[in-house]
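final09.txt (compact mmCIF, C-alpha atoms and all ligand atoms)
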# COMPACT_ATOMS: atom_id res chain seq x y z
CA MET A 1192 -3.07 -77.80 -4.30
CA PRO A 1193 0.44 -77.78 -2.84
CA ALA A 1194 2.12 -81.18 -2.63
CA ARG A 1195 2.17 -82.65 0.81
CA PRO A 1196 5.67 -82.59 2.32
CA SER A 1197 7.30 -86.03 2.34
CA ALA A 1198 8.07 -87.67 5.65
CA ASP A 1199 11.80 -86.95 5.45
CA ALA A 1200 11.40 -83.28 4.41
CA PRO A 1201 13.06 -81.00 6.93
CA ARG A 1202 10.63 -79.33 9.26
CA HIS A 1203 10.81 -75.69 10.19
CA SER A 1204 11.49 -76.67 13.77
CA GLU A 1205 14.61 -78.62 12.62
CA PRO A 1206 16.55 -76.27 10.37
CA LYS A 1207 19.19 -77.83 8.12
CA ARG A 1208 22.73 -76.75 8.63
CA LEU A 1209 23.37 -73.90 6.20
CA THR A 1210 26.89 -74.66 5.03
CA ASP A 1211 28.39 -77.35 7.22
CA GLY A 1212 31.15 -79.64 5.93
CA PRO A 1213 33.97 -79.45 3.38
CA LEU A 1214 33.28 -77.99 -0.08
CA GLU A 1215 32.70 -80.46 -2.91
CA GLU A 1216 33.31 -80.16 -6.65
CA LEU A 1217 30.05 -80.11 -8.60
CA THR A 1218 30.00 -80.39 -12.41
CA LYS A 1219 26.82 -79.52 -14.33
CA PRO A 1220 26.05 -78.46 -17.90
CA CYS A 1221 25.88 -74.68 -18.36
CA GLY A 1222 22.21 -73.67 -18.18
CA ARG A 1223 22.58 -71.81 -21.45
CA CYS A 1224 25.16 -73.40 -23.76
CA GLY A 1225 25.51 -76.84 -22.14
CA VAL A 1226 29.29 -76.75 -21.67
CA ALA A 1227 30.42 -78.51 -18.46
CA VAL A 1228 30.80 -76.08 -15.56
CA THR A 1229 32.58 -77.09 -12.33
CA ARG A 1230 32.09 -75.17 -9.11
CA SER A 1231 32.98 -75.73 -5.47
CA VAL A 1232 29.76 -76.07 -3.54
CA TYR A 1233 28.63 -76.89 -0.04
CA PRO A 1234 27.74 -80.53 0.67
CA ALA A 1235 24.35 -81.96 -0.26
CA GLY A 1236 21.97 -81.89 2.67
CA THR A 1237 22.97 -78.41 3.75
CA THR A 1238 20.73 -75.47 2.85
CA PHE A 1239 23.22 -73.67 0.58
CA GLY A 1240 24.48 -76.95 -0.89
CA ASP A 1241 20.97 -77.98 -1.91
CA ILE A 1242 20.23 -74.54 -3.38
CA GLU A 1243 23.39 -74.68 -5.47
CA ARG A 1244 22.52 -78.17 -6.73
CA ALA A 1245 18.97 -77.10 -7.59
CA THR A 1246 19.82 -73.91 -9.47
CA ALA A 1247 21.31 -73.57 -12.94
CA MET A 1248 24.99 -72.78 -13.31
CA PHE A 1249 26.39 -70.74 -16.16
CA CYS A 1250 29.82 -70.73 -17.77
CA ASP A 1251 31.82 -67.47 -17.68
CA ALA A 1252 31.08 -66.61 -21.32
CA CYS A 1253 27.32 -67.08 -20.79
CA THR A 1254 27.45 -65.06 -17.58
CA THR A 1255 28.96 -62.16 -19.53
CA ASP A 1256 26.25 -62.53 -22.20
CA LEU A 1257 23.50 -62.63 -19.59
CA ASP A 1258 24.83 -59.47 -17.93
CA ALA A 1259 24.89 -57.69 -21.27
CA GLU A 1260 21.34 -58.82 -22.10
CA GLU A 1261 20.10 -57.66 -18.74
CA ALA A 1262 21.71 -54.26 -19.26
CA GLU A 1263 20.14 -54.00 -22.73
CA GLU A 1264 16.74 -54.91 -21.35
CA ALA A 1265 17.06 -52.28 -18.63
CA GLU A 1266 18.03 -49.73 -21.28
CA ARG A 1267 15.05 -50.68 -23.47
CA GLU A 1268 12.72 -50.31 -20.49
CA ALA A 1269 14.18 -46.90 -19.66
CA VAL A 1270 13.71 -45.71 -23.25
CA ALA A 1271 10.12 -47.00 -23.32
CA ALA A 1272 9.35 -45.35 -19.98
CA GLU A 1273 10.73 -42.04 -21.23
CA ALA A 1274 8.67 -42.28 -24.44
CA GLU A 1275 5.59 -43.02 -22.35
CA ARG A 1276 6.31 -40.00 -20.12
CA ARG A 1277 6.54 -37.73 -23.17
CA ARG A 1278 3.35 -39.23 -24.59
CA ARG A 1279 1.54 -38.38 -21.34
CA ILE A 1280 2.89 -34.84 -21.33
CA PHE A 1281 1.70 -34.50 -24.93
CA GLU A 1282 -1.74 -35.92 -24.00
CA ALA A 1283 -2.02 -33.46 -21.13
CA ALA A 1284 -1.03 -30.46 -23.27
CA ASN A 1285 -4.64 -29.89 -24.39
CA ILE A 1286 -3.74 -29.65 -28.09
CA PRO A 1287 -6.99 -29.99 -30.09
CA PRO A 1288 -7.21 -33.45 -31.73
CA ILE A 1289 -7.29 -31.93 -35.24
CA PHE A 1290 -3.77 -30.51 -34.71
CA ARG A 1291 -2.17 -33.41 -32.84
CA ASP A 1292 -0.41 -34.94 -35.81
CA ALA A 1293 0.96 -31.58 -37.00
CA THR A 1294 4.61 -31.59 -38.04
CA PHE A 1295 6.94 -28.99 -39.54
CA GLU A 1296 7.25 -31.20 -42.64
CA ARG A 1297 3.49 -31.14 -43.14
CA CYS A 1298 3.39 -27.36 -42.65
CA ARG A 1299 6.05 -26.97 -45.36
CA ARG A 1300 4.20 -29.35 -47.66
CA ASP A 1301 0.97 -27.38 -47.10
CA GLY A 1302 2.65 -24.17 -48.18
CA VAL A 1303 3.33 -22.41 -44.86
CA PRO A 1304 6.11 -19.92 -45.66
CA GLU A 1305 9.63 -21.03 -44.76
CA HIS A 1306 10.39 -18.03 -42.49
CA ALA A 1307 7.40 -18.96 -40.34
CA VAL A 1308 8.27 -22.67 -40.16
CA ALA A 1309 11.89 -21.85 -39.32
CA ALA A 1310 10.82 -19.53 -36.47
CA ALA A 1311 8.44 -22.19 -35.12
CA GLU A 1312 11.27 -24.74 -35.28
CA ARG A 1313 13.43 -22.42 -33.19
CA TRP A 1314 10.65 -22.05 -30.62
CA GLY A 1315 10.13 -25.82 -30.63
CA ALA A 1316 13.85 -26.34 -30.04
CA GLY A 1317 13.82 -23.90 -27.12
CA ASP A 1318 15.99 -21.36 -28.95
CA LEU A 1319 13.23 -18.75 -29.03
CA ARG A 1320 11.35 -17.67 -25.90
CA GLY A 1321 8.37 -15.96 -27.48
CA LEU A 1322 6.70 -16.34 -30.87
CA LEU A 1323 3.74 -14.35 -32.16
CA LEU A 1324 2.16 -15.77 -35.33
CA VAL A 1325 -0.09 -13.25 -37.03
CA GLY A 1326 -2.14 -13.79 -40.17
CA PRO A 1327 -5.62 -14.32 -41.53
CA VAL A 1328 -7.66 -17.47 -40.87
CA GLY A 1329 -6.49 -20.39 -42.96
CA VAL A 1330 -2.75 -19.75 -43.32
CA GLY A 1331 -1.78 -22.57 -40.96
CA LYS A 1332 -0.92 -20.69 -37.75
CA SER A 1333 -2.54 -23.21 -35.41
CA THR A 1334 -1.06 -26.19 -37.26
CA LEU A 1335 2.35 -24.57 -37.06
CA ALA A 1336 1.87 -23.78 -33.36
CA ALA A 1337 0.89 -27.41 -32.73
CA ALA A 1338 3.97 -28.68 -34.58
CA ALA A 1339 6.10 -26.32 -32.47
CA VAL A 1340 4.64 -27.41 -29.14
CA SER A 1341 4.92 -31.09 -30.15
CA ALA A 1342 8.57 -30.59 -31.01
CA ARG A 1343 9.14 -28.77 -27.75
CA ILE A 1344 7.62 -31.59 -25.68
CA ALA A 1345 9.53 -34.22 -27.67
CA GLY A 1346 12.78 -32.31 -27.22
CA THR A 1347 12.54 -31.11 -23.63
CA ALA A 1348 10.07 -33.59 -22.04
CA ARG A 1349 8.67 -30.61 -20.17
CA ALA A 1350 5.00 -29.84 -19.80
CA ALA A 1351 3.35 -27.33 -22.11
CA PHE A 1352 -0.24 -26.15 -22.24
CA TRP A 1353 -2.41 -25.13 -25.15
CA LEU A 1354 -5.33 -22.79 -24.65
CA THR A 1355 -7.57 -20.70 -26.83
CA ALA A 1356 -8.46 -17.35 -25.31
CA PRO A 1357 -12.12 -18.39 -24.77
CA GLU A 1358 -10.95 -21.62 -23.09
CA MET A 1359 -8.74 -19.61 -20.77
CA PHE A 1360 -11.58 -17.28 -19.76
CA ALA A 1361 -13.96 -20.21 -19.26
CA ALA A 1362 -11.44 -22.08 -17.11
CA LEU A 1363 -10.47 -19.08 -14.98
CA GLY A 1364 -14.10 -18.06 -14.56
CA SER A 1365 -15.18 -21.54 -13.46
CA GLY A 1366 -15.54 -22.60 -9.84
CA PHE A 1367 -12.83 -23.86 -7.55
CA GLU A 1368 -11.78 -27.50 -7.78
CA ASN A 1369 -12.20 -27.51 -11.53
CA PRO A 1370 -9.24 -29.52 -12.89
CA THR A 1371 -8.92 -27.37 -16.04
CA ARG A 1372 -8.92 -24.21 -13.95
CA ASP A 1373 -6.21 -25.67 -11.74
CA ARG A 1374 -4.11 -26.61 -14.77
CA VAL A 1375 -4.51 -23.15 -16.28
CA LEU A 1376 -3.50 -21.51 -13.01
CA THR A 1377 -0.54 -23.86 -12.59
CA THR A 1378 0.57 -23.07 -16.12
CA LEU A 1379 0.22 -19.33 -15.63
CA GLN A 1380 2.02 -19.36 -12.29
CA SER A 1381 4.85 -21.65 -13.37
CA GLY A 1382 7.49 -21.33 -16.03
CA ARG A 1383 5.64 -23.85 -18.20
CA ALA A 1384 5.36 -23.21 -21.92
CA LEU A 1385 2.02 -21.70 -22.91
CA VAL A 1386 0.34 -21.53 -26.30
CA VAL A 1387 -2.50 -19.04 -26.60
CA ASP A 1388 -4.21 -19.91 -29.85
CA ASP A 1389 -6.52 -17.27 -31.31
CA VAL A 1390 -5.67 -14.61 -28.72
CA ASP A 1391 -8.15 -12.31 -30.48
CA LYS A 1392 -11.10 -14.69 -30.00
CA GLY A 1393 -13.54 -14.38 -27.14
CA ARG A 1394 -15.44 -11.33 -26.06
CA PRO A 1395 -13.13 -8.31 -25.71
CA THR A 1396 -14.37 -7.40 -22.25
CA ALA A 1397 -12.21 -5.71 -19.62
CA TYR A 1398 -12.20 -9.05 -17.77
CA GLY A 1399 -10.94 -10.96 -20.83
CA ALA A 1400 -8.33 -8.33 -21.60
CA GLU A 1401 -7.13 -8.42 -18.01
CA GLN A 1402 -6.72 -12.22 -18.12
CA ILE A 1403 -4.82 -12.02 -21.40
CA TYR A 1404 -2.61 -9.26 -20.04
CA LEU A 1405 -1.84 -11.19 -16.85
CA ALA A 1406 -1.14 -14.43 -18.74
CA ILE A 1407 1.31 -12.68 -21.06
CA ASP A 1408 2.86 -10.59 -18.30
CA GLN A 1409 3.47 -13.69 -16.17
CA ARG A 1410 5.23 -15.41 -19.09
CA ILE A 1411 7.54 -12.41 -19.33
CA VAL A 1412 8.19 -12.17 -15.59
CA ARG A 1413 8.98 -15.88 -15.43
CA GLN A 1414 10.99 -15.81 -18.65
CA ALA A 1415 8.68 -18.60 -19.77
CA PRO A 1416 8.06 -19.83 -23.31
CA LEU A 1417 5.04 -18.26 -24.99
CA LEU A 1418 3.52 -18.87 -28.40
CA VAL A 1419 0.57 -16.75 -29.46
CA THR A 1420 -1.47 -16.87 -32.64
CA SER A 1421 -3.71 -14.05 -33.79
CA ASN A 1422 -6.00 -13.59 -36.76
CA LEU A 1423 -5.73 -9.85 -36.29
CA ASP A 1424 -2.65 -7.80 -37.01
CA LEU A 1425 -1.02 -5.71 -34.27
CA GLU A 1426 -3.02 -2.57 -34.92
CA GLU A 1427 -6.30 -4.47 -34.97
CA LEU A 1428 -5.31 -6.33 -31.80
CA ARG A 1429 -4.50 -3.06 -30.03
CA ASP A 1430 -7.94 -1.72 -30.92
CA ARG A 1431 -9.79 -4.90 -30.02
CA TRP A 1432 -9.57 -4.56 -26.25
CA PRO A 1433 -10.53 -1.65 -23.97
CA GLU A 1434 -7.93 1.06 -24.37
CA GLU A 1435 -6.41 0.62 -20.92
CA TYR A 1436 -5.44 -2.93 -21.97
CA GLY A 1437 -5.05 -3.14 -25.76
CA PRO A 1438 -1.83 -1.13 -26.17
CA ALA A 1439 -0.31 -2.70 -23.03
CA ILE A 1440 -1.04 -6.24 -24.25
CA VAL A 1441 0.39 -5.61 -27.69
CA SER A 1442 3.51 -3.89 -26.38
CA ARG A 1443 4.09 -6.82 -23.96
CA LEU A 1444 3.63 -9.33 -26.78
CA VAL A 1445 5.97 -7.51 -29.12
CA GLY A 1446 8.58 -7.12 -26.39
CA HIS A 1447 8.61 -10.82 -25.52
CA CYS A 1448 7.96 -12.41 -28.91
CA GLU A 1449 9.44 -12.61 -32.34
CA LEU A 1450 6.68 -11.41 -34.66
CA ILE A 1451 6.00 -13.59 -37.69
CA ALA A 1452 3.37 -12.40 -40.16
CA ILE A 1453 1.98 -15.05 -42.50
CA LYS A 1454 0.20 -13.85 -45.59
CA GLY A 1455 -2.67 -15.88 -46.92
CA PRO A 1456 -5.11 -17.23 -47.54
CA ASP A 1457 -4.45 -20.78 -48.62
CA ARG A 1458 -7.55 -22.83 -49.46
CA ARG A 1459 -6.25 -26.22 -48.32
CA LEU A 1460 -5.25 -24.86 -44.93
CA ALA A 1461 -8.44 -22.85 -44.64
CA ALA A 1462 -10.33 -26.13 -44.83
CA ALA A 1463 -8.23 -27.66 -42.05
CA GLU A 1464 -8.29 -24.62 -39.75
CA ASN A 1465 -12.01 -24.07 -40.03
CA ALA A 1466 -12.90 -27.71 -39.56
ZN ZN B 1501 27.55 -71.32 -21.21
Kindly transcribe the structure held in the file into structure tokens.
Amino acid sequence: MPARPSADAPRHSEPKRLTDGPLEELTKPCGRCGVAVTRSVYPAGTTFGDIERATAMFCDACTTDLDAEEAEEAEREAVAAEAERRRRIFEAANIPPIFRDATFERCRRDGVPEHAVAAAERWGAGDLRGLLLVGPVGVGKSTLAAAAVSARIAGTARAAFWLTAPEMFAALGSGFENPTRDRVLTTLQSGRALVVDDVDKGRPTAYGAEQIYLAIDQRIVRQAPLLVTSNLDLEELRDRWPEEYGPAIVSRLVGHCELIAIKGPDRRLAAAENA
């Protein structure tokens, strides 16, 4: 319960004079180091005079230290806020949990060939617009793609979106006001980085081929980053879709992307990729 005001406490209807009267010297110990600090203050009994008597005073050296500490704290908060922003972008990128801790170092350790890791590093750094990773199941394409998109988010703090081909068809084919569908459309219509993992998966219908074609074509038109993985090689990809789409998709991909073929298989990675 708040203390009851004493009888001589000023009432709101009788405001104290703010600053009236000659300045007085006030000496108090520094609120931080204890050294005596003398300041000119308004007389006791005035509003500002009483505030100055009631608040701590700091010597010049401590004032400088306090300013520096405040600046450091602001800097720490800014760094933490930026890290949190990147964490949220990463969370929203739809990378499957099994690939979320993928790093280039781990890819190298697991035997992914150096030319592939180096190309993925360039894509992750934003030095490469398109990357097409081709190779059989189990050579580490998805892990490498995940490492690349993680690096890209960490480096650019810009949104990226990971989709498998079947996920893309499911999202685009779903009803309006589906949040995943909205995110897919936003990604396709913006310059946001897109990863299409397993572009060869999903039923090779004309509808699916059309969606794949449009997704890739929009990346090219918007000069947007694109990373595609495929278990099929180019010739097999071309033949997978109806003939009005297959060759067009592959020629678009090859035109926009650096092609990296990874030979395999590697047992350890096969276990991870098929999990
Ligand atoms: Zn001090």
I'd like the neighbourhood of range 1219-1232 of chain A as a PyMOL selection string, where a residue qualifies if any of its atoms comes within 7 Å (using all atoms listed in the file), though same-chain residues fewer than 2 positions away should be ignored. chain A and resi 1214-1217+1234+1240+1243+1247-1250+1253
Contact residues around Ile1411 in chain A with all atoms listed in the file at 12 Å, ignoring same-chain residues under 6 positions, as a list in words: Arg1320, Gly1321, Leu1379, Gln1380, Ser1381, Gly1382, Arg1383, Ala1384, Leu1385, Tyr1404, Leu1405, Leu1417, Leu1418, Ile1440, Ser1442, Arg1443, Leu1444, Val1445, Gly1446, His1447 and Cys1448 of chain A
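Each of A:Gly1236, A:Ala1252, A:Val1441, A:Leu1450 was compared to ligand ZN 1501 (chain B) using all atoms listed in the file, and A:Ala1252 turns out to be the nearest.
Reported to one decimal place, the separation of CA of Ala1235 in chain A from CA of Thr1210 in chain A is 9.4 Å.
You will find atom ZN of ligand ZN 1501 (chain B) at 18.9 Å from CA of Glu1263 in chain A.
Those residues that approach range 1314-1317 of chain A to within 9 Å, counting only C-alpha atoms, are Ala1309, Ala1310, Ala1311, Arg1320, Gly1321, Leu1322, Ala1336, Ala1338, Ala1339, Val1340, Ser1341, Ala1342, Arg1343, Ile1344, Ala1345, Gly1346, Thr1347, Pro1416, Leu1417 and Leu1418 of chain A; same-chain residues fewer than 3 positions away are not listed.
Distance check against ligand ZN 1501 (chain B) using only C-alpha atoms and all ligand atoms: of A:Val1325, A:Leu1257, A:Ala1283, A:Leu1425, the minimum falls on A:Leu1257.
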Quick one: residues within 8 Å of Leu1423 in chain A, only C-alpha atoms counted, chain neighbours fewer than 2 positions away excluded, as JSON, numbers by chain? {"A": [1325, 1326, 1327, 1391, 1421, 1425, 1426, 1427, 1428]}
Generate a file of the selected residues that holds C-alpha atoms, formatted as a compact mmCIF listing (two decimals), keeping the file's coordinate frame.
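Saved file out-v8.txt follows:
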# COMPACT_ATOMS: atom_id res chain seq x y z
CA VAL A 1325 -0.09 -13.25 -37.03
CA GLY A 1326 -2.14 -13.79 -40.17
CA PRO A 1327 -5.62 -14.32 -41.53
CA ASP A 1391 -8.15 -12.31 -30.48
CA SER A 1421 -3.71 -14.05 -33.79
CA LEU A 1425 -1.02 -5.71 -34.27
CA GLU A 1426 -3.02 -2.57 -34.92
CA GLU A 1427 -6.30 -4.47 -34.97
CA LEU A 1428 -5.31 -6.33 -31.80
